[in-house]
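Trainee: Quick one: this structure, given as structure tokens, is what I'll be asking you about.
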Amino acid sequence: NLCEACNIECIETVTQNLAYTNNATYIGSGKLLELVELCNLLDVDYVVFNDELSPAELSNLADQIPCEIMDRTMLILEIFKTRAKTKEAMLQVEIANLNYMLPRLIGARKNLSRIGGGGGGGAGARRGAGETKLELDRRYIENRIYKLKQELEDVVLSRQTSRKSRTKNEVKTVAFVGYTNAGKSSTINSILNYVEGDVEKQVFVKDMLFATLETSTRRIKLANNHEFLITDTVGFVNKLPHHLVESFKSTLEEIKEASLIVHLIDSSSPYIDLQIETTINVLDKLHCSSIPVVYVFNKVDLVTNEIFIPTSYTPSLRISNKTSKGIKELITYIEEHLFPDDVTTTLLIPYTNGEVYNVLMEKANVHETIYLENGTKVVVTLSKYLYELYKKYEYNE
């Protein structure tokens, strides 16, 4: 799937049963000879290893395999590079890519050992070797990483300002997380369609790995004026390169600020348990264990027998974006979790404070309005925050 996402056609798969990997060449010497013969026979462009190769393994394999070598991390980085559209995502991917390249410069290209300059001095002075091409490349990469991190910090500060503004305004956030291609963006679109029917607000959706790299946030306003934000995050994958996790931490910080995490799961996947555990592990790395999680099993329309869907993850819901099954229940769950402390009361608002009534109409659920001589009598369900603000208007008959 990763190769397909990189537009690389897989024509042959080679496996080897080993108790441990060969530190020099990852695979055994006999299997390596077999692989070299296969490359010559099939005239392939790439050999892709389904693990991250160490610098030594990469160098030794490059000496013997007659075509370009890629490992799992290179594939994922390449996908991220082609998918990145916003400045933040581009910066994050480039930082991850350079951090990956830095220890792999040795032996990566034959010309890296060329002499890059000569020492100074007058006639008869011995000339030093100067900086090698390898040292120049390493210094360039280190300087580039430093500059990119500075640029990223500016973008992160802007994001933190937006986050503080939301916190100040008591706006709650729901973070959608999950394995790549589990249906996070599709579910957000289903919610938007159910609540507002607004096509323009919908997020990008495509049936491919890592379709979403940017964090997309949408405001949801229900009929009863309950308001919250939904955040779509980058998908996770097994053996996600740690450089990417580090680089994307500023984006993933959105998850840490959420009031609820919706963990989307592809219930039709044969690797469902691995995908759930992968997401849980990444959330643990981000220190999100204190945030409540609801497990949402998506694509149930593709499951022939729902008995195979795990029941050990609770609380859980089952949905289908294709048939709209469970979307209403998901919205109800989110609402009940985010607004458990709502208060239903009766307020008498003096006509001189008409702006209070306007706030209630916009931010609360007004059940009944009666105009009396001394003010507007309102039966309303409102948040605890608003109740504390306006309880001085509480009406007792």
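Just so we're on the same page: first chain in the structure tokens is A, next is B, and so on; residues restart at 1 for each chain, and ligands are numbered from 1 in the order they show up.
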Excluding Pro241 (chain A) and any residue of its chain fewer than 6 positions from it, enumerate the residues within 12 Å of it, using only C-alpha atoms, and give them as a PyMOL selection string.
Mentor: chain A and resi 51-53+71-77+80+93+96-97+99-100+247-248+282
Trainee: Could you write out the selected residues, including all heavy atoms, as a compact mmCIF listing (two decimals), in the first residue's frame?
Mentor:
# COMPACT_ATOMS: atom_id res chain seq x y z
N ASP A 51 11.41 -2.15 6.44
CA ASP A 51 11.90 -1.72 7.75
C ASP A 51 12.82 -0.54 7.51
O ASP A 51 13.24 -0.29 6.37
CB ASP A 51 12.68 -2.84 8.45
CG ASP A 51 11.81 -3.63 9.42
OD1 ASP A 51 11.03 -3.00 10.16
OD2 ASP A 51 11.90 -4.87 9.41
N GLU A 52 13.16 0.17 8.57
CA GLU A 52 14.12 1.25 8.42
C GLU A 52 15.53 0.65 8.45
O GLU A 52 15.89 -0.05 9.40
CB GLU A 52 13.96 2.29 9.55
CG GLU A 52 14.89 3.48 9.38
CD GLU A 52 14.61 4.59 10.40
OE1 GLU A 52 13.46 5.06 10.48
OE2 GLU A 52 15.56 4.97 11.11
N LEU A 53 16.31 0.91 7.41
CA LEU A 53 17.68 0.40 7.33
C LEU A 53 18.62 1.34 8.06
O LEU A 53 18.48 2.56 7.99
CB LEU A 53 18.11 0.28 5.87
CG LEU A 53 17.32 -0.69 4.98
CD1 LEU A 53 17.77 -0.57 3.53
CD2 LEU A 53 17.47 -2.13 5.47
N ASP A 71 13.93 2.26 1.88
CA ASP A 71 13.38 1.53 3.02
C ASP A 71 12.01 2.10 3.36
O ASP A 71 11.54 3.04 2.72
CB ASP A 71 14.34 1.55 4.22
CG ASP A 71 14.57 2.94 4.79
OD1 ASP A 71 13.86 3.88 4.39
OD2 ASP A 71 15.46 3.10 5.65
N ARG A 72 11.36 1.51 4.34
CA ARG A 72 9.99 1.91 4.71
C ARG A 72 9.92 3.40 5.04
O ARG A 72 8.99 4.10 4.64
CB ARG A 72 9.54 1.06 5.90
CG ARG A 72 8.11 1.31 6.33
CD ARG A 72 7.79 0.53 7.60
NE ARG A 72 6.42 0.78 8.03
CZ ARG A 72 5.38 0.07 7.64
NH1 ARG A 72 5.53 -0.93 6.78
NH2 ARG A 72 4.16 0.35 8.07
N THR A 73 10.92 3.89 5.77
CA THR A 73 10.93 5.30 6.18
C THR A 73 11.03 6.22 4.96
O THR A 73 10.33 7.23 4.88
CB THR A 73 12.09 5.56 7.15
OG1 THR A 73 11.92 4.74 8.30
CG2 THR A 73 12.13 7.01 7.57
N MET A 74 11.89 5.86 4.00
CA MET A 74 12.00 6.68 2.78
C MET A 74 10.66 6.76 2.06
O MET A 74 10.28 7.82 1.56
CB MET A 74 13.04 6.06 1.83
CG MET A 74 14.48 6.23 2.24
SD MET A 74 15.53 5.50 0.96
CE MET A 74 17.06 5.34 1.86
N LEU A 75 9.96 5.63 1.98
CA LEU A 75 8.65 5.60 1.32
C LEU A 75 7.68 6.55 1.98
O LEU A 75 7.01 7.35 1.33
CB LEU A 75 8.07 4.18 1.37
CG LEU A 75 8.36 3.22 0.23
CD1 LEU A 75 7.61 1.92 0.47
CD2 LEU A 75 7.95 3.80 -1.11
N ILE A 76 7.59 6.45 3.31
CA ILE A 76 6.65 7.30 4.05
C ILE A 76 7.02 8.77 3.90
O ILE A 76 6.16 9.63 3.69
CB ILE A 76 6.60 6.88 5.54
CG1 ILE A 76 6.03 5.46 5.67
CG2 ILE A 76 5.76 7.86 6.36
CD1 ILE A 76 6.10 4.86 7.06
N LEU A 77 8.31 9.08 3.99
CA LEU A 77 8.76 10.46 3.81
C LEU A 77 8.42 10.98 2.42
O LEU A 77 8.03 12.13 2.24
CB LEU A 77 10.27 10.57 4.06
CG LEU A 77 10.73 10.46 5.52
CD1 LEU A 77 12.25 10.33 5.58
CD2 LEU A 77 10.27 11.65 6.34
N PHE A 80 4.71 11.77 2.29
CA PHE A 80 4.46 13.02 3.01
C PHE A 80 4.91 14.22 2.18
O PHE A 80 4.27 15.26 2.18
CB PHE A 80 5.18 13.00 4.36
CG PHE A 80 4.37 12.40 5.47
CD1 PHE A 80 3.84 11.12 5.37
CD2 PHE A 80 4.13 13.11 6.64
CE1 PHE A 80 3.10 10.57 6.40
CE2 PHE A 80 3.38 12.57 7.67
CZ PHE A 80 2.86 11.29 7.55
N VAL A 93 7.81 18.14 7.09
CA VAL A 93 8.31 17.02 6.28
C VAL A 93 9.78 17.21 5.92
O VAL A 93 10.58 16.27 5.99
CB VAL A 93 7.46 16.87 4.99
CG1 VAL A 93 8.09 15.83 4.07
CG2 VAL A 93 6.05 16.46 5.33
N ALA A 96 11.94 16.39 8.94
CA ALA A 96 12.00 14.93 9.15
C ALA A 96 12.92 14.28 8.12
O ALA A 96 13.71 13.39 8.44
CB ALA A 96 10.60 14.34 9.05
N ASN A 97 12.83 14.74 6.89
CA ASN A 97 13.64 14.17 5.81
C ASN A 97 15.13 14.43 6.04
O ASN A 97 15.97 13.53 5.88
CB ASN A 97 13.19 14.79 4.48
CG ASN A 97 13.60 13.94 3.29
OD1 ASN A 97 13.54 12.72 3.33
ND2 ASN A 97 14.05 14.59 2.24
N ASN A 99 16.62 15.12 8.93
CA ASN A 99 17.06 14.36 10.12
C ASN A 99 17.32 12.90 9.77
O ASN A 99 18.21 12.26 10.34
CB ASN A 99 15.99 14.44 11.22
CG ASN A 99 16.15 15.70 12.06
OD1 ASN A 99 17.25 16.09 12.42
ND2 ASN A 99 15.04 16.35 12.37
N TYR A 100 16.52 12.38 8.84
CA TYR A 100 16.73 10.98 8.40
C TYR A 100 18.01 10.86 7.57
O TYR A 100 18.78 9.91 7.70
CB TYR A 100 15.52 10.52 7.57
CG TYR A 100 15.71 9.16 6.96
CD1 TYR A 100 15.55 8.00 7.73
CD2 TYR A 100 16.08 9.01 5.63
CE1 TYR A 100 15.76 6.74 7.18
CE2 TYR A 100 16.28 7.76 5.07
CZ TYR A 100 16.12 6.63 5.85
OH TYR A 100 16.32 5.39 5.32
N SER A 247 8.68 15.81 14.17
CA SER A 247 8.44 17.00 13.34
C SER A 247 6.99 17.43 13.38
O SER A 247 6.68 18.62 13.33
CB SER A 247 8.86 16.73 11.89
OG SER A 247 10.23 16.48 11.82
N PHE A 248 6.08 16.46 13.46
CA PHE A 248 4.66 16.78 13.43
C PHE A 248 4.07 17.01 14.81
O PHE A 248 2.86 17.15 14.97
CB PHE A 248 3.87 15.67 12.71
CG PHE A 248 3.81 15.86 11.22
CD1 PHE A 248 4.91 15.58 10.43
CD2 PHE A 248 2.68 16.35 10.60
CE1 PHE A 248 4.88 15.77 9.06
CE2 PHE A 248 2.62 16.55 9.23
CZ PHE A 248 3.73 16.25 8.46
N VAL A 282 0.98 5.84 19.62
CA VAL A 282 1.33 7.22 19.26
C VAL A 282 0.70 8.19 20.25
O VAL A 282 1.33 9.16 20.69
CB VAL A 282 0.88 7.56 17.81
CG1 VAL A 282 1.15 9.03 17.50
CG2 VAL A 282 1.61 6.68 16.81
Trainee: Pick out the residues sitting within 10 Å of Leu61 (chain A), and hand them over as a ChimeraX atom specification; count only C-alpha atoms, and ignore anything fewer than 2 positions along from it in its own chain.
Mentor: /A:24-27,32,36,53,56-59,63-66,68-69
Trainee: Which one is closest to Val195 (chain A): A:Leu148, A:Leu330, A:Ile79, A:Ile272? Count only C-alpha atoms.
Mentor: A:Leu330
Trainee: What is the CA of Val293 (chain A) to CA of Glu196 (chain A) distance in Å?
Mentor: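 Those two atoms sit 25.0 Å apart.
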Trainee: What does the distance from CA of Arg83 (chain A) to CA of Cys6 (chain A) come to in Å, to one decimal?
Mentor: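 Between these atoms lies a distance of 10.3 Å.
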Trainee: For a test of reading the model, state the distance in Å between CA of Phe176 (chain A) and CA of Lys363 (chain A), rounded to one decimal.
Mentor: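 These atoms are spaced 24.3 Å apart.
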Trainee: Identify, on the basis of only C-alpha atoms, every residue whose closest approach to Ile265 (chain A) does not exceed 10 Å; exclude the query and any residue fewer than 2 positions from it along the same chain; express the result as a VMD selection string.
Mentor: chain A and resid 177 to 184 262 to 263 267 to 269 272 to 273 275 to 276 279 295 to 299 318 to 319
